[in-house]
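Notes to accompany the following structure.
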Amino acid sequence: MKKNSKPKREVNKTGTDNELSSLNSSLGSFGLEPPKRYKESAENQREVSNRKSPRRRTQPELKTTDERRAEENRKRKNAKVRRKIIFYILLVVAIVAVIVVLSLTVFFKINTITLKGNSTYTKEEILAVLPIGKGDNLFISDTEKASAKLEESLPYIYNAEVTRKLPSTIIVNITETPIVYSVKNSDKTYTLLDGRFKVLETSAKKNKNAVAILKAELKTAVIGQRADFTETKKMDNLLKLANAIERLKLDKITAINSADINNNTVTYDSRITIKLGSLDKLDNKIYSALSAIDKLNESNPQIEGVLTVSDGKQAYFSEN
């Protein structure tokens, strides 16, 4: 009986040890975690606990009496500096305002008006039109308006440059214009124009030095303003011809004419009519015509006729 029972206890002990050993090897001998459901329950409890007892806010550190006094002193100094800055800014603005007022009322009054370049008009005639006078303020005076007023009211003034000179002088530099063109009117009078077709005057006599604008009729002719022709296209062509004459310095042209866009002529020395056709390649056509005229003059300086350069390539001459 005893022999049979003892080995049995040893077998049971050995089996239990083996099971524990296997379990420990899978779980680990130390740091065993509780089952999942217990773990989740513990985490939920901690979250609830955290919501119920929020973290305490840290109280700001209290400043000492000396620190408070130092901060107040800094604030007072900054405020004092700001007040000084504002005071000086206002002082500068006030000084500038006083200077401006004095400049516009007391200082820089015009004492002298100097005229240069005038011959057609006297000093009295120009000063009577000039909208700037002695005693006016030098800086308030509108010099551009004064220039325009002189050029319009006194038509023989081609350009009037009005400038200031400190401390109290106005200088007027005048460029006068000659009579350049004339248009014969239906009443047999002549309207005289400058190089920009500004109306200079109406005369009963023909001006021998003026380039005649042939077969043209004026719609309006106000002295001091640009003449307005009845036909707008003709006026545009005439302006192109006038610009070319001025640009190329053609001093022997005595007449110009524009019948239509493809029929434009200029007259050389009152004896040779140059047919230009259209105004395309105008400069080349004029150069070709002048070259041909030089050759014609070599054979006969008094020759008269019609020179055609309308194609811009070759010149054809027909003697009268």
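How things are named: the first chain in the structure tokens is A, the next is B, and so on; residues count from 1 in each chain; ligands count from 1 in the order shown.
The shell of residues at most 10 Å from Leu248 in chain A, with only C-alpha atoms counted and near chain neighbours (fewer than 5 positions) removed, consists of Asn243, Asp283, Ile286 and Tyr287 of chain A.
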Any chance you could export the current selection's N, CA, C and O atoms as an mmCIF file, in the first residue's frame?
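Contents of the output file part_9.cif:
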data_model
loop_
_atom_site.group_PDB
_atom_site.id
_atom_site.type_symbol
_atom_site.label_atom_id
_atom_site.label_comp_id
_atom_site.auth_asym_id
_atom_site.auth_seq_id
_atom_site.Cartn_x
_atom_site.Cartn_y
_atom_site.Cartn_z
ATOM 1 N N ASN A 243 4.378 119.752 -92.351
ATOM 2 C CA ASN A 243 5.387 119.154 -91.477
ATOM 3 C C ASN A 243 6.619 118.721 -92.263
ATOM 4 O O ASN A 243 7.751 118.871 -91.796
ATOM 5 N N ASP A 283 8.959 111.644 -97.869
ATOM 6 C CA ASP A 283 10.327 112.178 -97.883
ATOM 7 C C ASP A 283 11.108 111.670 -99.103
ATOM 8 O O ASP A 283 11.832 112.440 -99.764
ATOM 9 N N ILE A 286 10.013 113.520 -102.223
ATOM 10 C CA ILE A 286 10.527 114.899 -102.280
ATOM 11 C C ILE A 286 12.011 114.908 -102.647
ATOM 12 O O ILE A 286 12.463 115.726 -103.463
ATOM 13 N N TYR A 287 12.776 113.981 -102.043
ATOM 14 C CA TYR A 287 14.203 113.904 -102.387
ATOM 15 C C TYR A 287 14.394 113.586 -103.879
ATOM 16 O O TYR A 287 15.273 114.162 -104.549
#
Neighbour list for Val309 in chain A as a list in words, cut-off 8 Å, only C-alpha atoms, skip fewer than 2 positions in-chain: Ile274, Lys275, Leu276, Gly277, Lys285, Ser288, Ala289, Leu307, Asp311, Gly312, Lys313, Gln314, Ala315 and Tyr316 of chain A
Would you output that residue set with N, CA and C atoms, as a CSV table (one decimal), in the first residue's frame?
chain,number,residue,atom,x,y,z
A,274,ILE,N,5.1,119.8,-108.5
A,274,ILE,CA,5.6,118.5,-108.2
A,274,ILE,C,4.4,117.6,-107.8
A,275,LYS,N,4.0,116.6,-108.6
A,275,LYS,CA,2.9,115.8,-108.3
A,275,LYS,C,3.4,114.6,-107.4
A,276,LEU,N,2.9,114.5,-106.2
A,276,LEU,CA,3.3,113.5,-105.3
A,276,LEU,C,2.4,112.3,-105.2
A,277,GLY,N,1.2,112.4,-105.8
A,277,GLY,CA,0.2,111.3,-105.6
A,277,GLY,C,-0.2,111.2,-104.1
A,285,LYS,N,9.9,110.8,-102.0
A,285,LYS,CA,9.4,111.4,-103.2
A,285,LYS,C,10.0,112.8,-103.3
A,288,SER,N,13.6,112.7,-104.4
A,288,SER,CA,13.7,112.3,-105.8
A,288,SER,C,13.3,113.5,-106.7
A,289,ALA,N,12.3,114.3,-106.3
A,289,ALA,CA,12.0,115.5,-107.1
A,289,ALA,C,13.1,116.6,-107.0
A,307,LEU,N,6.4,118.0,-112.7
A,307,LEU,CA,7.3,116.9,-112.4
A,307,LEU,C,6.5,115.9,-111.6
A,311,ASP,N,5.1,107.6,-108.1
A,311,ASP,CA,5.4,106.2,-107.9
A,311,ASP,C,6.6,106.0,-106.9
A,312,GLY,N,7.3,107.1,-106.6
A,312,GLY,CA,8.4,107.1,-105.7
A,312,GLY,C,9.6,106.4,-106.2
A,313,LYS,N,9.7,106.1,-107.5
A,313,LYS,CA,10.8,105.4,-108.1
A,313,LYS,C,11.5,106.2,-109.2
A,314,GLN,N,10.6,106.8,-110.0
A,314,GLN,CA,11.2,107.5,-111.2
A,314,GLN,C,10.5,108.8,-111.3
A,315,ALA,N,11.2,109.8,-111.8
A,315,ALA,CA,10.6,111.1,-112.0
A,315,ALA,C,10.3,111.4,-113.5
A,316,TYR,N,9.1,112.0,-113.8
A,316,TYR,CA,8.8,112.3,-115.2
A,316,TYR,C,8.5,113.8,-115.3
Contacts between range 259-271 of chain A and range 171-241 of chain A, please, where a residue of range 171-241 of chain A counts if it comes within 9 Å (with only C-alpha atoms); show its shortest atom pair and distance in Å to one decimal, rows by chain and ascending number, as a tab-separated table.
residue	atom	partner	partner_atom	distance
A:Lys215	CA	A:Ala259	CA	7.9
A:Ala216	CA	A:Ala259	CA	8.9
A:Lys233	CA	A:Ile261	CA	7.5
A:Lys234	CA	A:Asp260	CA	6.5
A:Asn237	CA	A:Ile261	CA	7.1
A:Leu238	CA	A:Asn264	CA	8.7
A:Leu241	CA	A:Val266	CA	8.2
Report the residues of range 134-262 of chain A whose backbone DSSP state falls under helix (DSSP H, G or I), written as a PDB file with N, CA and C atoms, in the first residue's frame.
ATOM      1  N   THR A 143       2.509 129.761 -64.032  1.00  0.00           N
ATOM      2  CA  THR A 143       3.334 130.088 -65.198  1.00  0.00           C
ATOM      3  C   THR A 143       2.845 129.403 -66.472  1.00  0.00           C
ATOM      4  N   GLU A 144       2.327 128.168 -66.366  1.00  0.00           N
ATOM      5  CA  GLU A 144       1.831 127.471 -67.559  1.00  0.00           C
ATOM      6  C   GLU A 144       0.608 128.180 -68.138  1.00  0.00           C
ATOM      7  N   LYS A 145      -0.285 128.609 -67.266  1.00  0.00           N
ATOM      8  CA  LYS A 145      -1.461 129.345 -67.727  1.00  0.00           C
ATOM      9  C   LYS A 145      -1.043 130.659 -68.376  1.00  0.00           C
ATOM     10  N   ALA A 146      -0.028 131.316 -67.825  1.00  0.00           N
ATOM     11  CA  ALA A 146       0.455 132.578 -68.390  1.00  0.00           C
ATOM     12  C   ALA A 146       1.029 132.365 -69.788  1.00  0.00           C
ATOM     13  N   SER A 147       1.770 131.260 -69.987  1.00  0.00           N
ATOM     14  CA  SER A 147       2.329 130.961 -71.312  1.00  0.00           C
ATOM     15  C   SER A 147       1.226 130.766 -72.348  1.00  0.00           C
ATOM     16  N   ALA A 148       0.228 129.964 -71.997  1.00  0.00           N
ATOM     17  CA  ALA A 148      -0.882 129.706 -72.924  1.00  0.00           C
ATOM     18  C   ALA A 148      -1.641 130.986 -73.253  1.00  0.00           C
ATOM     19  N   LYS A 149      -1.809 131.841 -72.255  1.00  0.00           N
ATOM     20  CA  LYS A 149      -2.534 133.097 -72.467  1.00  0.00           C
ATOM     21  C   LYS A 149      -1.801 133.991 -73.457  1.00  0.00           C
ATOM     22  N   LEU A 150      -0.487 134.091 -73.334  1.00  0.00           N
ATOM     23  CA  LEU A 150       0.290 134.918 -74.252  1.00  0.00           C
ATOM     24  C   LEU A 150       0.247 134.366 -75.665  1.00  0.00           C
ATOM     25  N   GLU A 151       0.383 133.061 -75.820  1.00  0.00           N
ATOM     26  CA  GLU A 151       0.408 132.447 -77.156  1.00  0.00           C
ATOM     27  C   GLU A 151      -0.934 132.577 -77.871  1.00  0.00           C
ATOM     28  N   GLU A 152      -2.017 132.590 -77.110  1.00  0.00           N
ATOM     29  CA  GLU A 152      -3.345 132.688 -77.738  1.00  0.00           C
ATOM     30  C   GLU A 152      -3.728 134.142 -77.999  1.00  0.00           C
ATOM     31  N   SER A 153      -3.438 135.016 -77.048  1.00  0.00           N
ATOM     32  CA  SER A 153      -3.870 136.412 -77.180  1.00  0.00           C
ATOM     33  C   SER A 153      -2.981 137.206 -78.123  1.00  0.00           C
ATOM     34  N   THR A 232     -12.039 117.891 -93.618  1.00  0.00           N
ATOM     35  CA  THR A 232     -11.121 117.374 -92.598  1.00  0.00           C
ATOM     36  C   THR A 232      -9.958 116.600 -93.219  1.00  0.00           C
ATOM     37  N   LYS A 233     -10.241 115.755 -94.200  1.00  0.00           N
ATOM     38  CA  LYS A 233      -9.181 114.963 -94.835  1.00  0.00           C
ATOM     39  C   LYS A 233      -8.168 115.860 -95.537  1.00  0.00           C
ATOM     40  N   LYS A 234      -8.658 116.925 -96.172  1.00  0.00           N
ATOM     41  CA  LYS A 234      -7.752 117.853 -96.842  1.00  0.00           C
ATOM     42  C   LYS A 234      -6.852 118.527 -95.808  1.00  0.00           C
ATOM     43  N   MET A 235      -7.406 118.876 -94.680  1.00  0.00           N
ATOM     44  CA  MET A 235      -6.625 119.519 -93.629  1.00  0.00           C
ATOM     45  C   MET A 235      -5.523 118.581 -93.126  1.00  0.00           C
ATOM     46  N   ASP A 236      -5.840 117.301 -92.937  1.00  0.00           N
ATOM     47  CA  ASP A 236      -4.839 116.327 -92.487  1.00  0.00           C
ATOM     48  C   ASP A 236      -3.696 116.218 -93.489  1.00  0.00           C
ATOM     49  N   ASN A 237      -4.020 116.176 -94.775  1.00  0.00           N
ATOM     50  CA  ASN A 237      -2.982 116.090 -95.806  1.00  0.00           C
ATOM     51  C   ASN A 237      -2.132 117.356 -95.851  1.00  0.00           C
ATOM     52  N   LEU A 238      -2.781 118.510 -95.709  1.00  0.00           N
ATOM     53  CA  LEU A 238      -2.041 119.772 -95.721  1.00  0.00           C
ATOM     54  C   LEU A 238      -1.075 119.860 -94.531  1.00  0.00           C
ATOM     55  N   LEU A 239      -1.511 119.362 -93.379  1.00  0.00           N
ATOM     56  CA  LEU A 239      -0.632 119.352 -92.209  1.00  0.00           C
ATOM     57  C   LEU A 239       0.579 118.449 -92.431  1.00  0.00           C
ATOM     58  N   LYS A 240       0.374 117.311 -93.086  1.00  0.00           N
ATOM     59  CA  LYS A 240       1.502 116.416 -93.393  1.00  0.00           C
ATOM     60  C   LYS A 240       2.485 117.087 -94.341  1.00  0.00           C
ATOM     61  N   LEU A 241       1.961 117.778 -95.340  1.00  0.00           N
ATOM     62  CA  LEU A 241       2.838 118.496 -96.262  1.00  0.00           C
ATOM     63  C   LEU A 241       3.601 119.610 -95.529  1.00  0.00           C
ATOM     64  N   ALA A 242       2.900 120.336 -94.658  1.00  0.00           N
ATOM     65  CA  ALA A 242       3.544 121.421 -93.913  1.00  0.00           C
ATOM     66  C   ALA A 242       4.642 120.880 -92.993  1.00  0.00           C
ATOM     67  N   ASN A 243       4.378 119.752 -92.351  1.00  0.00           N
ATOM     68  CA  ASN A 243       5.387 119.154 -91.477  1.00  0.00           C
ATOM     69  C   ASN A 243       6.619 118.721 -92.263  1.00  0.00           C
ATOM     70  N   ALA A 244       6.393 118.173 -93.454  1.00  0.00           N
ATOM     71  CA  ALA A 244       7.525 117.749 -94.285  1.00  0.00           C
ATOM     72  C   ALA A 244       8.350 118.945 -94.739  1.00  0.00           C
ATOM     73  N   ILE A 245       7.677 120.027 -95.091  1.00  0.00           N
ATOM     74  CA  ILE A 245       8.391 121.236 -95.522  1.00  0.00           C
ATOM     75  C   ILE A 245       9.258 121.784 -94.386  1.00  0.00           C
ATOM     76  N   GLU A 246       8.718 121.774 -93.174  1.00  0.00           N
ATOM     77  CA  GLU A 246       9.489 122.270 -92.024  1.00  0.00           C
ATOM     78  C   GLU A 246      10.621 121.304 -91.675  1.00  0.00           C
ATOM     79  N   ARG A 247      10.323 120.012 -91.700  1.00  0.00           N
ATOM     80  CA  ARG A 247      11.312 119.002 -91.313  1.00  0.00           C
ATOM     81  C   ARG A 247      12.492 118.976 -92.279  1.00  0.00           C
TER      82      ARG A 247
END
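Using only C-alpha atoms, the nearest neighbour of Val180 in chain A within the list A:Ile113, A:Val222, A:Ile253, A:Leu296 is A:Ile253.
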Pick out the residues sitting within 12 Å of Asp142 in chain A, and hand them over as a ChimeraX atom specification; count only C-alpha atoms, and ignore anything fewer than 2 positions along from it in its own chain. /A:130-133,136-140,144-149,161-164,170
Would you save the residues of that selection, restricted to all heavy atoms, as a short mmCIF file (atom, residue, chain, number, x, y, z; two decimals), in the first residue's frame?
data_model
loop_
_atom_site.label_atom_id
_atom_site.label_comp_id
_atom_site.auth_asym_id
_atom_site.auth_seq_id
_atom_site.Cartn_x
_atom_site.Cartn_y
_atom_site.Cartn_z
N LEU A 130 -0.36 139.50 -69.99
CA LEU A 130 0.22 138.56 -69.01
C LEU A 130 -0.60 138.54 -67.72
O LEU A 130 -0.79 139.58 -67.08
CB LEU A 130 1.66 138.97 -68.70
CG LEU A 130 2.45 138.02 -67.79
CD1 LEU A 130 2.73 136.71 -68.51
CD2 LEU A 130 3.76 138.68 -67.35
N PRO A 131 -1.12 137.36 -67.31
CA PRO A 131 -1.95 137.28 -66.10
C PRO A 131 -1.14 137.23 -64.81
O PRO A 131 -1.62 136.72 -63.79
CB PRO A 131 -2.74 135.98 -66.32
CG PRO A 131 -1.85 135.13 -67.13
CD PRO A 131 -1.07 136.06 -68.01
N ILE A 132 0.09 137.72 -64.83
CA ILE A 132 0.95 137.80 -63.66
C ILE A 132 1.46 139.22 -63.56
O ILE A 132 1.92 139.79 -64.57
CB ILE A 132 2.13 136.82 -63.75
CG1 ILE A 132 1.64 135.38 -63.82
CG2 ILE A 132 3.07 136.98 -62.57
CD1 ILE A 132 2.75 134.36 -64.05
N GLY A 133 1.37 139.82 -62.37
CA GLY A 133 1.80 141.20 -62.22
C GLY A 133 2.67 141.40 -61.01
O GLY A 133 2.84 140.50 -60.18
N ASP A 136 2.26 140.13 -57.06
CA ASP A 136 1.74 138.76 -56.92
C ASP A 136 2.79 137.87 -56.27
O ASP A 136 3.99 138.18 -56.29
CB ASP A 136 1.36 138.19 -58.30
CG ASP A 136 0.20 138.92 -58.92
OD1 ASP A 136 -0.51 139.63 -58.19
OD2 ASP A 136 0.02 138.79 -60.15
N ASN A 137 2.32 136.77 -55.69
CA ASN A 137 3.26 135.85 -55.07
C ASN A 137 3.97 135.03 -56.14
O ASN A 137 3.36 134.55 -57.09
CB ASN A 137 2.54 134.92 -54.10
CG ASN A 137 3.49 134.00 -53.36
OD1 ASN A 137 3.77 132.90 -53.80
ND2 ASN A 137 4.01 134.48 -52.24
N LEU A 138 5.27 134.87 -55.96
CA LEU A 138 6.09 134.19 -56.95
C LEU A 138 5.70 132.73 -57.12
O LEU A 138 5.72 132.20 -58.24
CB LEU A 138 7.57 134.30 -56.56
CG LEU A 138 8.60 133.81 -57.58
CD1 LEU A 138 8.61 134.71 -58.79
CD2 LEU A 138 9.99 133.75 -56.95
N PHE A 139 5.34 132.06 -56.03
CA PHE A 139 5.07 130.62 -56.09
C PHE A 139 3.61 130.31 -56.43
O PHE A 139 3.33 129.27 -57.02
CB PHE A 139 5.45 129.96 -54.77
CG PHE A 139 6.93 129.96 -54.51
CD1 PHE A 139 7.48 130.82 -53.58
CD2 PHE A 139 7.77 129.12 -55.22
CE1 PHE A 139 8.85 130.83 -53.34
CE2 PHE A 139 9.14 129.13 -55.00
CZ PHE A 139 9.68 130.00 -54.06
N ILE A 140 2.71 131.19 -56.09
CA ILE A 140 1.30 130.94 -56.42
C ILE A 140 1.02 131.19 -57.89
O ILE A 140 0.14 130.58 -58.49
CB ILE A 140 0.40 131.84 -55.53
CG1 ILE A 140 0.47 131.38 -54.08
CG2 ILE A 140 -1.04 131.81 -56.01
CD1 ILE A 140 -0.37 132.20 -53.14
N GLU A 144 2.33 128.17 -66.37
CA GLU A 144 1.83 127.47 -67.56
C GLU A 144 0.61 128.18 -68.14
O GLU A 144 0.48 128.32 -69.36
CB GLU A 144 1.48 126.03 -67.20
CG GLU A 144 2.70 125.17 -66.85
CD GLU A 144 2.33 123.73 -66.61
OE1 GLU A 144 1.13 123.39 -66.76
OE2 GLU A 144 3.22 122.94 -66.26
N LYS A 145 -0.28 128.61 -67.27
CA LYS A 145 -1.46 129.34 -67.73
C LYS A 145 -1.04 130.66 -68.38
O LYS A 145 -1.62 131.09 -69.39
CB LYS A 145 -2.40 129.61 -66.55
CG LYS A 145 -3.68 130.32 -66.91
CD LYS A 145 -4.57 130.50 -65.69
CE LYS A 145 -5.84 131.25 -66.05
NZ LYS A 145 -6.71 131.45 -64.86
N ALA A 146 -0.03 131.32 -67.82
CA ALA A 146 0.46 132.58 -68.39
C ALA A 146 1.03 132.36 -69.79
O ALA A 146 0.79 133.17 -70.70
CB ALA A 146 1.51 133.17 -67.46
N SER A 147 1.77 131.26 -69.99
CA SER A 147 2.33 130.96 -71.31
C SER A 147 1.23 130.77 -72.35
O SER A 147 1.28 131.32 -73.45
CB SER A 147 3.20 129.71 -71.23
OG SER A 147 4.30 129.90 -70.37
N ALA A 148 0.23 129.96 -72.00
CA ALA A 148 -0.88 129.71 -72.92
C ALA A 148 -1.64 130.99 -73.25
O ALA A 148 -2.07 131.20 -74.40
CB ALA A 148 -1.82 128.66 -72.33
N LYS A 149 -1.81 131.84 -72.26
CA LYS A 149 -2.53 133.10 -72.47
C LYS A 149 -1.80 133.99 -73.46
O LYS A 149 -2.41 134.59 -74.36
CB LYS A 149 -2.70 133.81 -71.13
CG LYS A 149 -3.45 135.13 -71.20
CD LYS A 149 -4.91 134.93 -71.53
CE LYS A 149 -5.67 136.24 -71.45
NZ LYS A 149 -7.11 136.08 -71.85
N GLU A 161 7.85 131.12 -72.81
CA GLU A 161 8.29 130.33 -71.65
C GLU A 161 8.39 131.25 -70.44
O GLU A 161 9.22 132.17 -70.41
CB GLU A 161 9.65 129.68 -71.94
CG GLU A 161 10.15 128.79 -70.81
CD GLU A 161 11.51 128.20 -71.11
OE1 GLU A 161 12.10 128.58 -72.14
OE2 GLU A 161 11.99 127.38 -70.31
N VAL A 162 7.54 131.01 -69.46
CA VAL A 162 7.48 131.85 -68.25
C VAL A 162 8.12 131.08 -67.10
O VAL A 162 7.68 129.98 -66.76
CB VAL A 162 6.03 132.23 -67.90
CG1 VAL A 162 6.01 133.15 -66.68
CG2 VAL A 162 5.36 132.92 -69.09
N THR A 163 9.16 131.65 -66.50
CA THR A 163 9.89 130.99 -65.42
C THR A 163 10.05 131.93 -64.23
O THR A 163 9.93 133.15 -64.34
CB THR A 163 11.28 130.52 -65.89
OG1 THR A 163 12.02 131.65 -66.37
CG2 THR A 163 11.17 129.49 -67.00
N ARG A 164 10.33 131.32 -63.05
CA ARG A 164 10.54 132.08 -61.81
C ARG A 164 12.04 132.18 -61.52
O ARG A 164 12.80 131.26 -61.82
CB ARG A 164 9.85 131.39 -60.64
CG ARG A 164 8.37 131.13 -60.82
CD ARG A 164 7.82 130.41 -59.60
NE ARG A 164 6.41 130.10 -59.73
CZ ARG A 164 5.93 129.00 -60.29
NH1 ARG A 164 6.77 128.08 -60.75
NH2 ARG A 164 4.63 128.79 -60.36
N ILE A 170 10.07 137.36 -62.39
CA ILE A 170 9.46 136.52 -63.44
C ILE A 170 10.15 136.85 -64.76
O ILE A 170 10.30 138.02 -65.13
CB ILE A 170 7.95 136.81 -63.56
CG1 ILE A 170 7.19 136.18 -62.40
CG2 ILE A 170 7.40 136.25 -64.88
CD1 ILE A 170 7.11 134.67 -62.40
#
Point out the residue among A:Lys188, A:Lys198, A:Arg74, A:Arg83 with the least atom-to-atom distance to Leu154 in chain A, counting only C-alpha atoms. A:Lys198
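Between Lys206 in chain A and the residues A:Val172, A:Leu218, A:Leu192, A:Ala94, the shortest atom-to-atom distance, using only C-alpha atoms, involves A:Leu192.
Between CA of Asn185 in chain A and CA of Thr202 in chain A the interatomic distance comes to 9.6 Å.
The set of residues in range 245-314 of chain A assigned to strand (DSSP E) by DSSP, using only backbone atoms of this structure, is Ile253, Thr254, Ala255, Ile256, Asn257, Ser258, Ala259, Asp260, Asn263, Asn264, Thr265, Val266, Thr267, Tyr268, Ile272, Thr273, Ile274, Lys275, Leu276, Gly277, Gly305, Val306, Leu307 and Thr308 of chain A.
Taking CA of Arg226 in chain A as the reference point, CA of Thr122 in chain A is found at 23.8 Å.
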Option closest in space to Phe107 in chain A, from A:Thr189, A:Ser258, A:Asp294, A:Ser168 [counting only C-alpha atoms]: A:Ser168
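The coordinates place CA of Gly117 in chain A at 6.1 Å from CA of Thr175 in chain A.
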